[in-house]
Amino acid sequence: MQSLPLKIKILKTQQRIREWYEHWDGQVYVSFSGGNDSTVLLKLVRELYPDVPAVFIDTGMEYPEIRAHVKSIDNVVWLKPKMVFTDVIKKYGYPVIGKDVATMLMYAKKGRQWAIDRLNGVNSDGSKSVFKQRFMKYKYAIDSPFLISSSCCGIMKKGPAKKYERESGNKAFIGTMAGESAMRRTSYLITGCNAFDAKRPKSTPMGFWGKQDVLEYLLKFNTPYAKVYGDIVQTSKGLATTGESGTGWKAAV
C-alpha cells in the first residue's frame, strides 16, 4: 500500500475516514498538531465532514509559525497539559532519542532484563537478534547522570487528549504513518488504519502514506501549511522543504 500512487491513497484514506465516522455516528475529532501531516488529514476529513472538530494541544513549545497556522483554522479546540515541560523533565526524566528508546533506557536503568537484552542486541535466550542490534549504540546512555523517561508524551500530549475523549465521547483521527518508526509500523500491522476494538480506539487513515505523499498533496491541492516549513521544492531525492523538515513539539525544545 505504501507504493500506491497518491490518487489511490487518497481514495483509500477517504474510505477509512467514512468507516470511522459512520461507526461512531459522527462522534469523532481530528488530532491536530499544526504540522503538515495533520494539516493534510484535517483537510481530507473536512472535505467529507466539514463540522468535525480539530483538537490542538498547546504544550507551550510549538514553533510560533505552528501556533499561527492553528489559529488560522476554524473550529479548533485548544487544550493544555497539567504540567509544563520543565517540571515533567525534573520529575520523570528526559525523552532521550525518542519514545521507544527512552522507554527502553528507563527500564534498563531499573534492571529490567528485557530492556537490558535489547541494549545488548540479544533475545531472551542470549541469541543474537538482528532487530535488537540497532539498539546497542544507545547502551552508553544507561550510565547517564540524569533521569530518562518517555513520560513527557503521555503527560503533555496523551493526557489532555484522553481527558477530552472521556468528556466529549469523541474518537480520534490521528495523522501518524507506519513508516515513521518501528513502534508505529508494528502498531499499524496489528490494527490497520481503524483500531475499533483497541483500549483507546483511534483511526490513522494515512497510516500507509509517506512524507513524500504529504508534500505532494500539499503542492497538488494548494493546501496552506505552517510557514516554518518554508517552500516545498524538488530535489534529487524527491520533494523537500526549505525550512524545517519536522515540527513535532520535541523538535522545538
# chains A, B, ... in the order shown; residues from 1 in each chain; ligands from 1
>>> select_by_dssp(residues="stretch 34-253 of chain A", states="alpha helix (DSSP H)", output="PyMOL selection string")
chain A and resi 36-48+64-71+85-92+99-109+113-120+151-153+159-168+182-191+211-220
>>> write_last_selection(atoms="C-alpha atoms", output="CSV table (one decimal), in the first residue's frame")
chain,number,residue,atom,x,y,z
A,36,ASN,CA,2.0,19.0,7.7
A,37,ASP,CA,0.7,15.5,8.3
A,38,SER,CA,-2.2,16.6,10.5
A,39,THR,CA,-2.9,19.6,8.1
A,40,VAL,CA,-3.5,17.1,5.3
A,41,LEU,CA,-5.5,14.8,7.5
A,42,LEU,CA,-7.8,17.7,8.6
A,43,LYS,CA,-8.4,18.7,5.1
A,44,LEU,CA,-9.2,15.2,4.0
A,45,VAL,CA,-11.7,14.7,6.9
A,46,ARG,CA,-13.4,18.1,6.5
A,47,GLU,CA,-13.8,17.6,2.8
A,48,LEU,CA,-16.2,14.8,3.7
A,64,PRO,CA,5.3,30.4,16.6
A,65,GLU,CA,4.5,29.6,13.0
A,66,ILE,CA,2.7,26.4,14.0
A,67,ARG,CA,0.6,28.4,16.5
A,68,ALA,CA,-0.2,31.0,13.8
A,69,HIS,CA,-1.3,28.2,11.4
A,70,VAL,CA,-3.5,26.6,14.0
A,71,LYS,CA,-5.1,29.9,14.8
A,85,PHE,CA,7.8,20.6,30.1
A,86,THR,CA,10.5,21.6,32.6
A,87,ASP,CA,8.5,20.2,35.5
A,88,VAL,CA,7.9,16.9,33.7
A,89,ILE,CA,11.6,16.6,32.9
A,90,LYS,CA,12.6,17.2,36.5
A,91,LYS,CA,10.1,14.7,37.9
A,92,TYR,CA,10.2,11.9,35.3
A,99,LYS,CA,9.8,7.4,23.0
A,100,ASP,CA,10.8,3.8,22.3
A,101,VAL,CA,14.5,4.3,23.1
A,102,ALA,CA,13.7,6.4,26.2
A,103,THR,CA,11.3,3.7,27.5
A,104,MET,CA,14.0,1.0,26.9
A,105,LEU,CA,16.7,3.0,28.7
A,106,MET,CA,14.3,3.9,31.6
A,107,TYR,CA,13.6,0.2,32.2
A,108,ALA,CA,17.2,-0.8,31.7
A,109,LYS,CA,18.3,1.6,34.4
A,113,GLN,CA,16.0,-7.8,31.7
A,114,TRP,CA,14.0,-7.4,28.5
A,115,ALA,CA,15.4,-3.8,28.2
A,116,ILE,CA,19.0,-4.9,29.0
A,117,ASP,CA,18.7,-7.7,26.4
A,118,ARG,CA,17.6,-5.1,23.8
A,119,LEU,CA,20.6,-2.9,24.6
A,120,ASN,CA,22.9,-5.9,24.2
A,151,SER,CA,6.5,10.0,30.3
A,152,CYS,CA,6.6,13.5,28.8
A,153,CYS,CA,4.5,12.5,25.7
A,159,GLY,CA,-3.2,13.1,28.9
A,160,PRO,CA,-5.1,16.1,27.7
A,161,ALA,CA,-6.4,14.1,24.6
A,162,LYS,CA,-7.7,11.3,26.7
A,163,LYS,CA,-9.4,13.7,29.1
A,164,TYR,CA,-11.1,15.3,26.1
A,165,GLU,CA,-12.2,12.0,24.7
A,166,ARG,CA,-13.7,11.0,28.0
A,167,GLU,CA,-15.6,14.2,28.4
A,168,SER,CA,-16.7,14.5,24.7
A,182,ALA,CA,9.3,0.7,14.2
A,183,MET,CA,6.7,1.2,17.0
A,184,ARG,CA,4.2,2.8,14.7
A,185,ARG,CA,4.8,0.2,12.0
A,186,THR,CA,4.2,-2.6,14.4
A,187,SER,CA,1.0,-1.0,15.7
A,188,TYR,CA,-0.3,-0.4,12.2
A,189,LEU,CA,0.4,-4.0,11.1
A,190,ILE,CA,-1.6,-5.2,14.1
A,191,THR,CA,-4.7,-3.0,13.8
A,211,LYS,CA,6.3,12.0,3.8
A,212,GLN,CA,6.6,12.4,0.0
A,213,ASP,CA,2.8,11.8,-0.3
A,214,VAL,CA,2.1,14.5,2.2
A,215,LEU,CA,4.3,17.1,0.4
A,216,GLU,CA,2.9,16.1,-3.0
A,217,TYR,CA,-0.6,16.5,-1.6
A,218,LEU,CA,0.1,20.0,-0.2
A,219,LEU,CA,1.5,21.1,-3.6
A,220,LYS,CA,-1.0,19.4,-5.8
>>> select_by_dssp(residues="stretch 35-204 of chain A", states="strand (DSSP E or B)", output="ChimeraX atom specification")
/A:54-57,76-79,94,122,128,148,171-173,194-195,202-203
>>> atom_distance(atom1="atom CA of A:Pro5", atom2="atom CA of A:Phe208")
11.2 Å
>>> residues_around(residues="stretch 49-62 of chain A", least_positions_apart="6", cutoff="8 Å", atoms="only C-alpha atoms", output="PyMOL selection string")
chain A and resi 26+28-34+42+70+75-81+84-85+156-157+160-161+247-250+252-253
>>> write_last_selection(atoms="N, CA and C atoms", output="PDB file, in the first residue's frame")
ATOM      1  N   GLY A  26     -20.532   9.859  13.949  1.00  0.00           N
ATOM      2  CA  GLY A  26     -20.077  11.246  13.884  1.00  0.00           C
ATOM      3  C   GLY A  26     -19.410  11.765  15.137  1.00  0.00           C
ATOM      4  N   VAL A  28     -16.504  12.041  16.459  1.00  0.00           N
ATOM      5  CA  VAL A  28     -15.086  11.945  16.123  1.00  0.00           C
ATOM      6  C   VAL A  28     -14.450  13.330  16.157  1.00  0.00           C
ATOM      7  N   TYR A  29     -13.118  13.344  16.163  1.00  0.00           N
ATOM      8  CA  TYR A  29     -12.371  14.597  16.073  1.00  0.00           C
ATOM      9  C   TYR A  29     -11.030  14.320  15.395  1.00  0.00           C
ATOM     10  N   VAL A  30     -10.366  15.381  14.956  1.00  0.00           N
ATOM     11  CA  VAL A  30      -9.046  15.257  14.348  1.00  0.00           C
ATOM     12  C   VAL A  30      -8.001  15.770  15.329  1.00  0.00           C
ATOM     13  N   SER A  31      -7.023  14.922  15.650  1.00  0.00           N
ATOM     14  CA  SER A  31      -5.894  15.345  16.460  1.00  0.00           C
ATOM     15  C   SER A  31      -5.004  16.218  15.581  1.00  0.00           C
ATOM     16  N   PHE A  32      -4.951  17.504  15.885  1.00  0.00           N
ATOM     17  CA  PHE A  32      -4.327  18.491  15.001  1.00  0.00           C
ATOM     18  C   PHE A  32      -3.133  19.150  15.677  1.00  0.00           C
ATOM     19  N   SER A  33      -1.928  18.820  15.204  1.00  0.00           N
ATOM     20  CA  SER A  33      -0.709  19.398  15.775  1.00  0.00           C
ATOM     21  C   SER A  33      -0.300  20.686  15.085  1.00  0.00           C
ATOM     22  N   GLY A  34      -0.881  20.952  13.917  1.00  0.00           N
ATOM     23  CA  GLY A  34      -0.468  22.104  13.119  1.00  0.00           C
ATOM     24  C   GLY A  34       0.632  21.776  12.139  1.00  0.00           C
ATOM     25  N   LEU A  42      -6.619  16.817   8.335  1.00  0.00           N
ATOM     26  CA  LEU A  42      -7.775  17.661   8.640  1.00  0.00           C
ATOM     27  C   LEU A  42      -8.507  18.058   7.362  1.00  0.00           C
ATOM     28  N   VAL A  70      -2.367  27.156  13.291  1.00  0.00           N
ATOM     29  CA  VAL A  70      -3.515  26.582  14.005  1.00  0.00           C
ATOM     30  C   VAL A  70      -4.594  27.638  14.201  1.00  0.00           C
ATOM     31  N   ASN A  75     -12.867  26.125  14.052  1.00  0.00           N
ATOM     32  CA  ASN A  75     -13.363  25.003  14.847  1.00  0.00           C
ATOM     33  C   ASN A  75     -12.230  24.138  15.408  1.00  0.00           C
ATOM     34  N   VAL A  76     -11.307  24.797  16.113  1.00  0.00           N
ATOM     35  CA  VAL A  76     -10.200  24.090  16.774  1.00  0.00           C
ATOM     36  C   VAL A  76     -10.339  24.244  18.284  1.00  0.00           C
ATOM     37  N   VAL A  77     -10.340  23.136  18.994  1.00  0.00           N
ATOM     38  CA  VAL A  77     -10.370  23.135  20.455  1.00  0.00           C
ATOM     39  C   VAL A  77      -8.930  23.159  20.968  1.00  0.00           C
ATOM     40  N   TRP A  78      -8.604  24.139  21.799  1.00  0.00           N
ATOM     41  CA  TRP A  78      -7.254  24.255  22.360  1.00  0.00           C
ATOM     42  C   TRP A  78      -7.232  23.644  23.760  1.00  0.00           C
ATOM     43  N   LEU A  79      -6.296  22.714  23.974  1.00  0.00           N
ATOM     44  CA  LEU A  79      -6.142  22.083  25.281  1.00  0.00           C
ATOM     45  C   LEU A  79      -4.739  22.362  25.822  1.00  0.00           C
ATOM     46  N   LYS A  80      -4.601  22.306  27.149  1.00  0.00           N
ATOM     47  CA  LYS A  80      -3.300  22.488  27.781  1.00  0.00           C
ATOM     48  C   LYS A  80      -3.025  21.336  28.754  1.00  0.00           C
ATOM     49  N   PRO A  81      -1.769  20.871  28.821  1.00  0.00           N
ATOM     50  CA  PRO A  81      -1.432  19.822  29.799  1.00  0.00           C
ATOM     51  C   PRO A  81      -1.391  20.394  31.209  1.00  0.00           C
ATOM     52  N   VAL A  84       4.032  21.774  32.968  1.00  0.00           N
ATOM     53  CA  VAL A  84       4.892  22.335  31.925  1.00  0.00           C
ATOM     54  C   VAL A  84       6.062  21.381  31.698  1.00  0.00           C
ATOM     55  N   PHE A  85       6.717  21.522  30.551  1.00  0.00           N
ATOM     56  CA  PHE A  85       7.754  20.574  30.148  1.00  0.00           C
ATOM     57  C   PHE A  85       8.894  20.476  31.166  1.00  0.00           C
ATOM     58  N   MET A 156       1.987  15.280  28.552  1.00  0.00           N
ATOM     59  CA  MET A 156       1.748  16.545  27.855  1.00  0.00           C
ATOM     60  C   MET A 156       0.875  16.424  26.617  1.00  0.00           C
ATOM     61  N   LYS A 157       0.855  15.268  25.989  1.00  0.00           N
ATOM     62  CA  LYS A 157       0.060  15.110  24.760  1.00  0.00           C
ATOM     63  C   LYS A 157      -1.113  14.147  24.954  1.00  0.00           C
ATOM     64  N   PRO A 160      -4.047  15.171  28.020  1.00  0.00           N
ATOM     65  CA  PRO A 160      -5.138  16.087  27.656  1.00  0.00           C
ATOM     66  C   PRO A 160      -6.080  15.499  26.605  1.00  0.00           C
ATOM     67  N   ALA A 161      -5.519  14.723  25.659  1.00  0.00           N
ATOM     68  CA  ALA A 161      -6.357  14.120  24.611  1.00  0.00           C
ATOM     69  C   ALA A 161      -7.318  13.096  25.204  1.00  0.00           C
ATOM     70  N   THR A 247       8.177  19.291  12.698  1.00  0.00           N
ATOM     71  CA  THR A 247       7.841  20.281  13.719  1.00  0.00           C
ATOM     72  C   THR A 247       7.149  19.682  14.918  1.00  0.00           C
ATOM     73  N   GLY A 248       7.420  18.400  15.192  1.00  0.00           N
ATOM     74  CA  GLY A 248       6.870  17.809  16.413  1.00  0.00           C
ATOM     75  C   GLY A 248       7.286  18.642  17.602  1.00  0.00           C
ATOM     76  N   TRP A 249       6.503  18.608  18.701  1.00  0.00           N
ATOM     77  CA  TRP A 249       6.774  19.512  19.810  1.00  0.00           C
ATOM     78  C   TRP A 249       8.160  19.316  20.412  1.00  0.00           C
ATOM     79  N   LYS A 250       8.717  18.110  20.306  1.00  0.00           N
ATOM     80  CA  LYS A 250      10.068  17.901  20.831  1.00  0.00           C
ATOM     81  C   LYS A 250      11.112  18.606  19.975  1.00  0.00           C
ATOM     82  N   ALA A 252      10.976  21.503  18.929  1.00  0.00           N
ATOM     83  CA  ALA A 252      11.046  22.909  19.291  1.00  0.00           C
ATOM     84  C   ALA A 252      11.756  23.149  20.618  1.00  0.00           C
ATOM     85  N   VAL A 253      12.165  22.074  21.302  1.00  0.00           N
ATOM     86  CA  VAL A 253      12.829  22.213  22.601  1.00  0.00           C
ATOM     87  C   VAL A 253      14.203  22.834  22.413  1.00  0.00           C
TER      88      VAL A 253
END
>>> closest_residue(among="A:Tyr140, A:Tyr225, A:Phe146, A:Trp20", to="A:Ile73", atoms="only C-alpha atoms")
A:Tyr225
>>> atom_distance(atom1="atom CA of A:Gln14", atom2="atom CA of A:Pro205")
7.7 Å
